[in-house]
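Undergrad: Pasting in a structure now, in structure tokens, and then I'll have a few things to ask.
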Amino acid sequence: MKALWNGAISFGLVSVPVSVVPATERHAVHFRQIHQHEGGLIGRVRNLKVCELDGEPVGLDEIGRGYETATGTIPVSDADLDALPLPTAKAIEIVSFVPAASINPAVFGAGAYYLAAPDPIAARPYVLLREALSRTSRVAVAKFAFHQRERLGLLRVVGDVLVLHGLRWPDEIREADVPAPTVDVTEDEVQAAVAVALAEAMTTDTLEGIRDHYRDAVEKLLAAKAHGERTQAPEAPAPVIDLMAALEASVQKARGARGETEATVHELGAKKKPAKKAAKKTTGAADGRTPRRRA
């Protein structure tokens with residue numbers, strides 16, 4: 001795949017030449033805006049860019065960028081942006097190393113890129129940086145400039161390759177200003193144990209096999225409409241009435257999907273009530289209390 005950018009990782013006084021290639025691709029179904037006329041005719045709706053001064057259409061090669069101020073518009077060219085004195089314009093600058101577990105997933109933004117060593121000379125510093133990250137279980141926070149703006153990124157190791165993830169800036173992350181539930185689940189250890197069992201039964205080591213069912217459904221809808229057929233709407237899920245029954249059924253389903261035959265969860269810390277004994281005249285029985293067992 002053709003590299004999007006060629007430069008270097010600035011790692012202290014070490015420079016690691018790299019080539020940047022996309023790590024993701026989109027498979028979404030794309031729709032067009034249409035105008036439906038009487039008689040079944042369909043016309044495509046197109047966006048037309050028009051100059052507000054003369055009302056004439058403007059081609060893409062005639063469109064530039066500008067910044068609005070109180071006194072007017074300041075034109076900004078590609079040459080102006082390319083001449084900005086940014087050290088990240090030619091390099092991915094590592095600013096710190098942090099524990100991988102300390103990263104808030106909310107900071108991950110759009111864009112993930114594989115970093116390749118473009119030649120044998122770049123192989124040794126590339127591997128040294130990779131080993132430094134792997135052996136310390138850390139990720140590198142870096143700054144880089146893509147698409148005429150400086151961005152925050154995260155460097156981590158995936159397999160034997162360095163991957164650069166685009167991050168949001170810290171001031172772009174909102175505080176969790178939402179009410180938190182205050183239910184005390186420790187009062188029912190059985191439900192808590194079954195919930196843990198469900199999480200364990202649904203644990204996987206990879207995301208392989210997870211599909212975009214919405215895209216599959218859209219493709220089936222388009223195929224059916226192309227042949228004049230109709231599709232059946234899915235049934236709404238039934239509301240959960242018995243939480244414990246729903247948890248146990250979910251554990252059985254998850255374990256069955258993994259090929260496990262044993263699906264009972266009652267052995268996971270569930271406290272069994274002591275069996276009732278025949279009434280005896282013992283201390284404490286007269287006042288209605290159940291006598292305690294001796295160990």
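For the structure tokens, the naming scheme is as follows: chains receive sequential letters (A, B, ...) according to their order of presentation, residues are indexed from 1 within each chain, and ligands are indexed from 1 in presentation order.
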Please identify all polymer residues within 12 Å of Gln232 of chain A, counting only C-alpha atoms, omitting same-chain residues fewer than 6 positions from it, and present them as a compact mmCIF listing (two decimals) with N, CA and C atoms, in the first residue's frame.
TA:
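Writing done, so here's part-v3.txt:
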# COMPACT_ATOMS: atom_id res chain seq x y z
N ALA A 217 -27.56 -6.51 7.07
CA ALA A 217 -29.00 -6.34 6.89
C ALA A 217 -29.31 -5.35 5.77
N LYS A 220 -28.78 -7.06 2.44
CA LYS A 220 -29.90 -7.95 2.14
C LYS A 220 -31.13 -7.16 1.72
N LEU A 221 -31.36 -6.03 2.38
CA LEU A 221 -32.48 -5.16 2.02
C LEU A 221 -32.34 -4.67 0.58
N ALA A 224 -32.99 -7.48 -1.84
CA ALA A 224 -34.42 -7.82 -1.91
C ALA A 224 -35.18 -6.77 -2.72
Undergrad: Quick check for you: according to DSSP on this backbone, which residues of segment 57-230 of chain A are classed as alpha helix (DSSP H)? Reply as number ranges by chain.
TA: A: 78-82, 120-136, 189-201, 213-226
Undergrad: Can you list, as an MDAnalysis selection string, every protein, DNA or RNA residue that comes within 12 Å of segment 10-14 of chain A when you count only C-alpha atoms, leaving out same-chain residues fewer than 4 positions away?
TA: chainID A and resid 18 87:97 122 124:126 128:130 132:133 140:144 155
Undergrad: Considering only C-alpha atoms, return as a list in words whatever protein or nucleic-acid residues lie within 12 Å of Leu222 of chain A, sequence-local ones (same chain, fewer than 6 positions apart) excluded.
TA: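 What passes the distance filter is Val29, His30, Phe31, Arg215, Asp216, Gly228, Glu229, Arg230 and Thr231 of chain A.
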Undergrad: Between atom CA of Pro170 of chain A and atom CA of Val107 of chain A, what distance in Å does the model show, to one decimal?
TA: 7.4 Å
Undergrad: Using only C-alpha atoms, pick whichever of A:Pro57, A:Pro181, A:Pro118, A:Gly64 has the shortest atom-to-atom distance to Ser19 of chain A.
TA: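 Among the listed residues, the smallest separation from Ser19 of chain A belongs to A:Pro118.
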Undergrad: So how far away is atom CA of Val196 of chain A from atom CA of Lys253 of chain A, in Å?
TA: 14.7 Å
Undergrad: In terms of the shortest atom-to-atom distance over only C-alpha atoms, which of A:Val194, A:Ala70, A:Val76, A:Ile42 is closest to Leu243 of chain A?
TA: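 Between A:Val194, A:Ala70, A:Val76, A:Ile42, the residue approaching Leu243 of chain A most closely is A:Val194.
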